[in-house]
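What follows is a set of notes on a single structure, which appears directly below.
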Amino acid sequence: MSLKNLIKNNHEKQNRFSWKGVEVIVKDKINNPDINLKTVFDTIGEKIPQKFLKNVDIIYIGEFDMFKEREIQAMYENSCIFVTNDQDNIGDMCDDIVHEIAHSLEEIHRDIIYSDGFLEKEFLMKRQQVHSLLTAEGYNLDLFAFMNPDYSEDFDNTLYKEVGYPLLNALASSIFYSPYAITSLREYFANGFEALFYYGDYEFVNKSCPVLFERLTSIMEVEY
């Protein structure tokens, strides 16, 4: 049985409501009493067009073993978004959900986003720039690892634990919108989606990530 069906079958009395045609199921109570779900979804709804929810059927909020195992806050799988109930504030929760909406769009727009290889080329050129900057700071990091566009747990740990996001943010703030965008090509796309559509940073994405900007605007123009 899929994770989606297992949760639905085992939690029939959960708090649930509909948001823009998406079913929202609160599996576990949100730990922060200052977080109001209406505010969360109103905030997202003001910035993210409803058509971007085409590939999202359900949003689950709660505690999930996979979050602890993978040290993540949210994930997208089989037309469902799973987001932790352990949130610091409304902004963090909105960010998590928007990021996974971006991943849901990858599934139906893969050809637009990735097929010609231009976005990967842009991403890897930026990775090379970051590698050069870190080398100048005294880090001896494998360039080959920087040239792999796919997610690697080892590479992720190198960025997050060995180098650290504060230094990456200081060095690469004009190259990547956030340090997490360096993690993989898919995260580069999702982070750019957040930057453009949620945070409204048109200038940064347009000037610093022209291919990514073109892909994101192309998705916006798709009619469903």
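Note on naming: chains are A, B, ... as they come in the structure tokens, residues start from 1 per chain, ligands start from 1 in the order shown.
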(message) I want to know what sits within 7 Å of Lys47 in chain A, based on only C-alpha atoms, with residues of the same chain fewer than 4 positions away left out; could you give that as a PyMOL selection string?
(response) chain A and resi 43+197-198
(request) Could you please write out, as a ChimeraX atom specification, every residue of range 55-210 of chain A that DSSP assigns to strand (DSSP E or B)? (result) /A:58-62,74-77,80-84
(message) I'd like the contact shell of Tyr224 in chain A - 10 Å cut-off, only C-alpha atoms, skipping same-chain residues fewer than 6 positions apart - returned as a PyMOL selection string.
(response) chain A and resi 51-52+54
Using only C-alpha atoms, what does the table of range 73-131 of chain A residues within 8 Å of range 190-194 of chain A look like, with each row giving the shortest atom pair and its distance in Å to one decimal, sorted by chain and ascending number, as a Markdown table?
```
| residue | atom | partner | partner_atom | distance |
| --- | --- | --- | --- | --- |
| A:Asp95 | CA | A:Glu194 | CA | 7.5 |
| A:Val98 | CA | A:Glu194 | CA | 6.5 |
| A:His99 | CA | A:Ala190 | CA | 5.7 |
| A:Glu100 | CA | A:Ala190 | CA | 7.6 |
| A:Ala102 | CA | A:Ala190 | CA | 5.1 |
| A:His103 | CA | A:Ala190 | CA | 6.2 |
```
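Contact shell of Ile81 in chain A at 9 Å (only C-alpha atoms; same-chain neighbours under 6 positions omitted): Val56, Asp57, Ile58, Ile59, Tyr60, Ile61, Ala74, Met75, Ile97, Glu100, Ile101 and Ser104 of chain A.
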(request) Could you check how far CA of Val130 in chain A sits from CA of Asp150 in chain A, in Å to one decimal? (result)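 Between CA of Val130 in chain A and CA of Asp150 in chain A the gap is 16.5 Å.
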As an mmCIF file with all heavy atoms, in the first residue's frame, please: the residues near range 186-188 of chain A (cut-off 10 Å, only C-alpha atoms, same-chain neighbours under 3 positions excluded).
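Listing of out.cif after writing:
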```cif
data_model
loop_
_atom_site.group_PDB
_atom_site.id
_atom_site.type_symbol
_atom_site.label_atom_id
_atom_site.label_comp_id
_atom_site.auth_asym_id
_atom_site.auth_seq_id
_atom_site.Cartn_x
_atom_site.Cartn_y
_atom_site.Cartn_z
ATOM 1 N N HIS A 99 8.337 25.134 -1.921
ATOM 2 C CA HIS A 99 9.462 24.387 -2.483
ATOM 3 C C HIS A 99 8.985 23.046 -3.056
ATOM 4 O O HIS A 99 9.408 22.643 -4.150
ATOM 5 C CB HIS A 99 10.511 24.149 -1.389
ATOM 6 C CG HIS A 99 11.797 23.574 -1.906
ATOM 7 N ND1 HIS A 99 12.833 24.356 -2.355
ATOM 8 C CD2 HIS A 99 12.212 22.291 -2.046
ATOM 9 C CE1 HIS A 99 13.830 23.583 -2.739
ATOM 10 N NE2 HIS A 99 13.482 22.325 -2.570
ATOM 11 N N ALA A 102 7.131 23.328 -6.301
ATOM 12 C CA ALA A 102 8.085 23.398 -7.407
ATOM 13 C C ALA A 102 8.468 22.004 -7.883
ATOM 14 O O ALA A 102 8.505 21.724 -9.090
ATOM 15 C CB ALA A 102 9.332 24.180 -6.978
ATOM 16 N N HIS A 103 8.744 21.113 -6.947
ATOM 17 C CA HIS A 103 9.107 19.740 -7.336
ATOM 18 C C HIS A 103 7.942 19.019 -8.005
ATOM 19 O O HIS A 103 8.146 18.181 -8.890
ATOM 20 C CB HIS A 103 9.585 18.958 -6.114
ATOM 21 C CG HIS A 103 10.962 19.330 -5.669
ATOM 22 N ND1 HIS A 103 12.030 19.400 -6.534
ATOM 23 C CD2 HIS A 103 11.461 19.650 -4.435
ATOM 24 C CE1 HIS A 103 13.121 19.744 -5.864
ATOM 25 N NE2 HIS A 103 12.804 19.911 -4.593
ATOM 26 N N GLU A 106 8.065 19.853 -11.647
ATOM 27 C CA GLU A 106 9.116 19.157 -12.399
ATOM 28 C C GLU A 106 8.575 17.910 -13.086
ATOM 29 O O GLU A 106 8.967 17.586 -14.210
ATOM 30 C CB GLU A 106 10.232 18.716 -11.448
ATOM 31 C CG GLU A 106 11.212 19.754 -11.056
ATOM 32 C CD GLU A 106 12.316 19.114 -10.236
ATOM 33 O OE1 GLU A 106 12.044 18.704 -9.093
ATOM 34 O OE2 GLU A 106 13.429 19.007 -10.754
ATOM 35 N N ILE A 113 11.838 21.987 -18.760
ATOM 36 C CA ILE A 113 12.878 22.406 -17.817
ATOM 37 C C ILE A 113 14.263 21.879 -18.190
ATOM 38 O O ILE A 113 15.248 22.629 -18.195
ATOM 39 C CB ILE A 113 12.520 21.949 -16.390
ATOM 40 C CG1 ILE A 113 11.182 22.541 -15.949
ATOM 41 C CG2 ILE A 113 13.620 22.368 -15.399
ATOM 42 C CD1 ILE A 113 10.611 21.893 -14.697
ATOM 43 N N TYR A 114 14.344 20.603 -18.528
ATOM 44 C CA TYR A 114 15.652 19.953 -18.582
ATOM 45 C C TYR A 114 16.079 19.374 -19.929
ATOM 46 O O TYR A 114 17.264 19.074 -20.109
ATOM 47 C CB TYR A 114 15.689 18.800 -17.567
ATOM 48 C CG TYR A 114 15.470 19.202 -16.138
ATOM 49 C CD1 TYR A 114 14.398 18.681 -15.404
ATOM 50 C CD2 TYR A 114 16.318 20.097 -15.493
ATOM 51 C CE1 TYR A 114 14.188 19.033 -14.078
ATOM 52 C CE2 TYR A 114 16.117 20.457 -14.170
ATOM 53 C CZ TYR A 114 15.049 19.921 -13.465
ATOM 54 O OH TYR A 114 14.843 20.271 -12.153
ATOM 55 N N LEU A 119 19.816 24.224 -18.882
ATOM 56 C CA LEU A 119 19.734 24.558 -17.458
ATOM 57 C C LEU A 119 20.840 23.850 -16.682
ATOM 58 O O LEU A 119 21.460 24.437 -15.786
ATOM 59 C CB LEU A 119 18.370 24.175 -16.887
ATOM 60 C CG LEU A 119 18.127 24.631 -15.438
ATOM 61 C CD1 LEU A 119 18.124 26.157 -15.345
ATOM 62 C CD2 LEU A 119 16.826 24.080 -14.901
ATOM 63 N N GLU A 120 21.106 22.603 -17.036
ATOM 64 C CA GLU A 120 22.197 21.872 -16.381
ATOM 65 C C GLU A 120 23.534 22.564 -16.632
ATOM 66 O O GLU A 120 24.366 22.692 -15.720
ATOM 67 C CB GLU A 120 22.250 20.433 -16.895
ATOM 68 C CG GLU A 120 23.365 19.621 -16.270
ATOM 69 C CD GLU A 120 23.362 18.168 -16.726
ATOM 70 O OE1 GLU A 120 22.265 17.611 -16.944
ATOM 71 O OE2 GLU A 120 24.469 17.593 -16.860
ATOM 72 N N PHE A 123 23.763 25.606 -14.422
ATOM 73 C CA PHE A 123 23.965 25.184 -13.038
ATOM 74 C C PHE A 123 25.415 24.763 -12.790
ATOM 75 O O PHE A 123 26.030 25.176 -11.795
ATOM 76 C CB PHE A 123 23.010 24.028 -12.727
ATOM 77 C CG PHE A 123 23.239 23.363 -11.404
ATOM 78 C CD1 PHE A 123 22.964 24.017 -10.216
ATOM 79 C CD2 PHE A 123 23.725 22.061 -11.355
ATOM 80 C CE1 PHE A 123 23.164 23.401 -8.993
ATOM 81 C CE2 PHE A 123 23.927 21.428 -10.142
ATOM 82 C CZ PHE A 123 23.659 22.103 -8.958
ATOM 83 N N PRO A 149 25.444 16.844 -11.416
ATOM 84 C CA PRO A 149 24.249 17.657 -11.160
ATOM 85 C C PRO A 149 23.211 16.987 -10.261
ATOM 86 O O PRO A 149 22.301 17.651 -9.770
ATOM 87 C CB PRO A 149 23.675 17.884 -12.558
ATOM 88 C CG PRO A 149 24.092 16.665 -13.322
ATOM 89 C CD PRO A 149 25.460 16.327 -12.801
ATOM 90 N N ASP A 150 23.358 15.678 -10.046
ATOM 91 C CA ASP A 150 22.373 14.940 -9.261
ATOM 92 C C ASP A 150 22.643 15.069 -7.766
ATOM 93 O O ASP A 150 23.756 15.398 -7.340
ATOM 94 C CB ASP A 150 22.376 13.458 -9.654
ATOM 95 C CG ASP A 150 22.004 13.251 -11.106
ATOM 96 O OD1 ASP A 150 21.168 14.026 -11.613
ATOM 97 O OD2 ASP A 150 22.560 12.328 -11.739
ATOM 98 N N TYR A 151 21.621 14.777 -6.982
ATOM 99 C CA TYR A 151 21.772 14.861 -5.533
ATOM 100 C C TYR A 151 22.745 13.803 -5.019
ATOM 101 O O TYR A 151 22.698 12.635 -5.419
ATOM 102 C CB TYR A 151 20.432 14.686 -4.822
ATOM 103 C CG TYR A 151 20.576 14.693 -3.311
ATOM 104 C CD1 TYR A 151 20.709 15.889 -2.616
ATOM 105 C CD2 TYR A 151 20.629 13.496 -2.606
ATOM 106 C CE1 TYR A 151 20.876 15.902 -1.239
ATOM 107 C CE2 TYR A 151 20.787 13.502 -1.225
ATOM 108 C CZ TYR A 151 20.913 14.714 -0.555
ATOM 109 O OH TYR A 151 21.087 14.717 0.809
ATOM 110 N N PHE A 176 24.156 32.006 -6.533
ATOM 111 C CA PHE A 176 22.976 31.209 -6.208
ATOM 112 C C PHE A 176 22.083 31.998 -5.266
ATOM 113 O O PHE A 176 22.570 32.743 -4.410
ATOM 114 C CB PHE A 176 23.376 29.896 -5.537
ATOM 115 C CG PHE A 176 23.983 28.891 -6.466
ATOM 116 C CD1 PHE A 176 25.361 28.763 -6.585
ATOM 117 C CD2 PHE A 176 23.178 28.040 -7.227
ATOM 118 C CE1 PHE A 176 25.926 27.827 -7.431
ATOM 119 C CE2 PHE A 176 23.729 27.113 -8.071
ATOM 120 C CZ PHE A 176 25.105 26.994 -8.188
ATOM 121 N N TYR A 177 20.775 31.792 -5.402
ATOM 122 C CA TYR A 177 19.826 32.530 -4.562
ATOM 123 C C TYR A 177 19.984 32.164 -3.092
ATOM 124 O O TYR A 177 19.818 33.004 -2.219
ATOM 125 C CB TYR A 177 18.391 32.268 -5.022
ATOM 126 C CG TYR A 177 17.385 33.181 -4.363
ATOM 127 C CD1 TYR A 177 17.338 34.544 -4.692
ATOM 128 C CD2 TYR A 177 16.493 32.704 -3.412
ATOM 129 C CE1 TYR A 177 16.427 35.394 -4.089
ATOM 130 C CE2 TYR A 177 15.575 33.555 -2.803
ATOM 131 C CZ TYR A 177 15.547 34.894 -3.142
ATOM 132 O OH TYR A 177 14.655 35.729 -2.536
ATOM 133 N N SER A 178 20.299 30.904 -2.815
ATOM 134 C CA SER A 178 20.587 30.473 -1.445
ATOM 135 C C SER A 178 21.561 29.306 -1.516
ATOM 136 O O SER A 178 21.670 28.647 -2.552
ATOM 137 C CB SER A 178 19.307 30.050 -0.713
ATOM 138 O OG SER A 178 18.962 28.722 -1.039
ATOM 139 N N PRO A 179 22.283 29.018 -0.436
ATOM 140 C CA PRO A 179 23.221 27.900 -0.453
ATOM 141 C C PRO A 179 22.574 26.568 -0.817
ATOM 142 O O PRO A 179 23.211 25.717 -1.435
ATOM 143 C CB PRO A 179 23.771 27.883 0.981
ATOM 144 C CG PRO A 179 23.662 29.298 1.435
ATOM 145 C CD PRO A 179 22.391 29.797 0.823
ATOM 146 N N TYR A 180 21.312 26.378 -0.441
ATOM 147 C CA TYR A 180 20.662 25.090 -0.724
ATOM 148 C C TYR A 180 20.520 24.853 -2.224
ATOM 149 O O TYR A 180 20.468 23.714 -2.672
ATOM 150 C CB TYR A 180 19.299 25.016 -0.047
ATOM 151 C CG TYR A 180 18.708 23.624 -0.057
ATOM 152 C CD1 TYR A 180 19.336 22.591 0.636
ATOM 153 C CD2 TYR A 180 17.548 23.334 -0.768
ATOM 154 C CE1 TYR A 180 18.821 21.306 0.622
ATOM 155 C CE2 TYR A 180 17.024 22.057 -0.787
ATOM 156 C CZ TYR A 180 17.660 21.046 -0.092
ATOM 157 O OH TYR A 180 17.158 19.768 -0.117
ATOM 158 N N ALA A 181 20.475 25.915 -3.015
ATOM 159 C CA ALA A 181 20.361 25.768 -4.467
ATOM 160 C C ALA A 181 21.595 25.109 -5.072
ATOM 161 O O ALA A 181 21.534 24.572 -6.187
ATOM 162 C CB ALA A 181 20.141 27.131 -5.108
ATOM 163 N N ILE A 182 22.710 25.124 -4.352
ATOM 164 C CA ILE A 182 23.947 24.508 -4.855
ATOM 165 C C ILE A 182 23.879 22.989 -4.770
ATOM 166 O O ILE A 182 24.612 22.276 -5.450
ATOM 167 C CB ILE A 182 25.168 25.022 -4.050
ATOM 168 C CG1 ILE A 182 25.164 26.553 -3.990
ATOM 169 C CG2 ILE A 182 26.484 24.537 -4.646
ATOM 170 C CD1 ILE A 182 26.211 27.141 -3.036
ATOM 171 N N THR A 183 22.972 22.469 -3.960
ATOM 172 C CA THR A 183 22.925 21.042 -3.634
ATOM 173 C C THR A 183 22.792 20.145 -4.850
ATOM 174 O O THR A 183 23.466 19.119 -4.970
ATOM 175 C CB THR A 183 21.750 20.761 -2.665
ATOM 176 O OG1 THR A 183 21.872 21.614 -1.534
ATOM 177 C CG2 THR A 183 21.757 19.313 -2.212
ATOM 178 N N ASN A 191 14.586 26.093 -5.905
ATOM 179 C CA ASN A 191 14.962 27.318 -5.199
ATOM 180 C C ASN A 191 14.688 28.551 -6.058
ATOM 181 O O ASN A 191 14.239 29.590 -5.556
ATOM 182 C CB ASN A 191 16.440 27.247 -4.814
ATOM 183 C CG ASN A 191 16.847 28.318 -3.833
ATOM 184 O OD1 ASN A 191 17.651 29.181 -4.165
ATOM 185 N ND2 ASN A 191 16.328 28.268 -2.622
ATOM 186 N N GLY A 192 14.935 28.415 -7.361
ATOM 187 C CA GLY A 192 14.631 29.510 -8.268
ATOM 188 C C GLY A 192 13.138 29.775 -8.377
ATOM 189 O O GLY A 192 12.700 30.927 -8.492
ATOM 190 N N PHE A 193 12.359 28.709 -8.340
ATOM 191 C CA PHE A 193 10.899 28.836 -8.338
ATOM 192 C C PHE A 193 10.443 29.650 -7.134
ATOM 193 O O PHE A 193 9.626 30.569 -7.258
ATOM 194 C CB PHE A 193 10.277 27.443 -8.315
ATOM 195 C CG PHE A 193 8.769 27.430 -8.261
ATOM 196 C CD1 PHE A 193 8.026 27.383 -9.429
ATOM 197 C CD2 PHE A 193 8.102 27.448 -7.051
ATOM 198 C CE1 PHE A 193 6.625 27.365 -9.386
ATOM 199 C CE2 PHE A 193 6.713 27.430 -6.991
ATOM 200 C CZ PHE A 193 5.975 27.392 -8.162
ATOM 201 N N CYS A 209 20.417 34.171 -13.288
ATOM 202 C CA CYS A 209 20.071 32.812 -13.713
ATOM 203 C C CYS A 209 19.185 32.881 -14.955
ATOM 204 O O CYS A 209 18.010 32.490 -14.916
ATOM 205 C CB CYS A 209 19.339 32.072 -12.597
ATOM 206 S SG CYS A 209 20.048 32.273 -10.948
ATOM 207 N N LEU A 212 17.390 29.624 -16.122
ATOM 208 C CA LEU A 212 16.377 29.259 -15.134
ATOM 209 C C LEU A 212 15.180 30.196 -15.227
ATOM 210 O O LEU A 212 14.021 29.754 -15.179
ATOM 211 C CB LEU A 212 16.985 29.312 -13.731
ATOM 212 C CG LEU A 212 16.053 29.008 -12.556
ATOM 213 C CD1 LEU A 212 15.427 27.631 -12.695
ATOM 214 C CD2 LEU A 212 16.806 29.124 -11.238
#
```
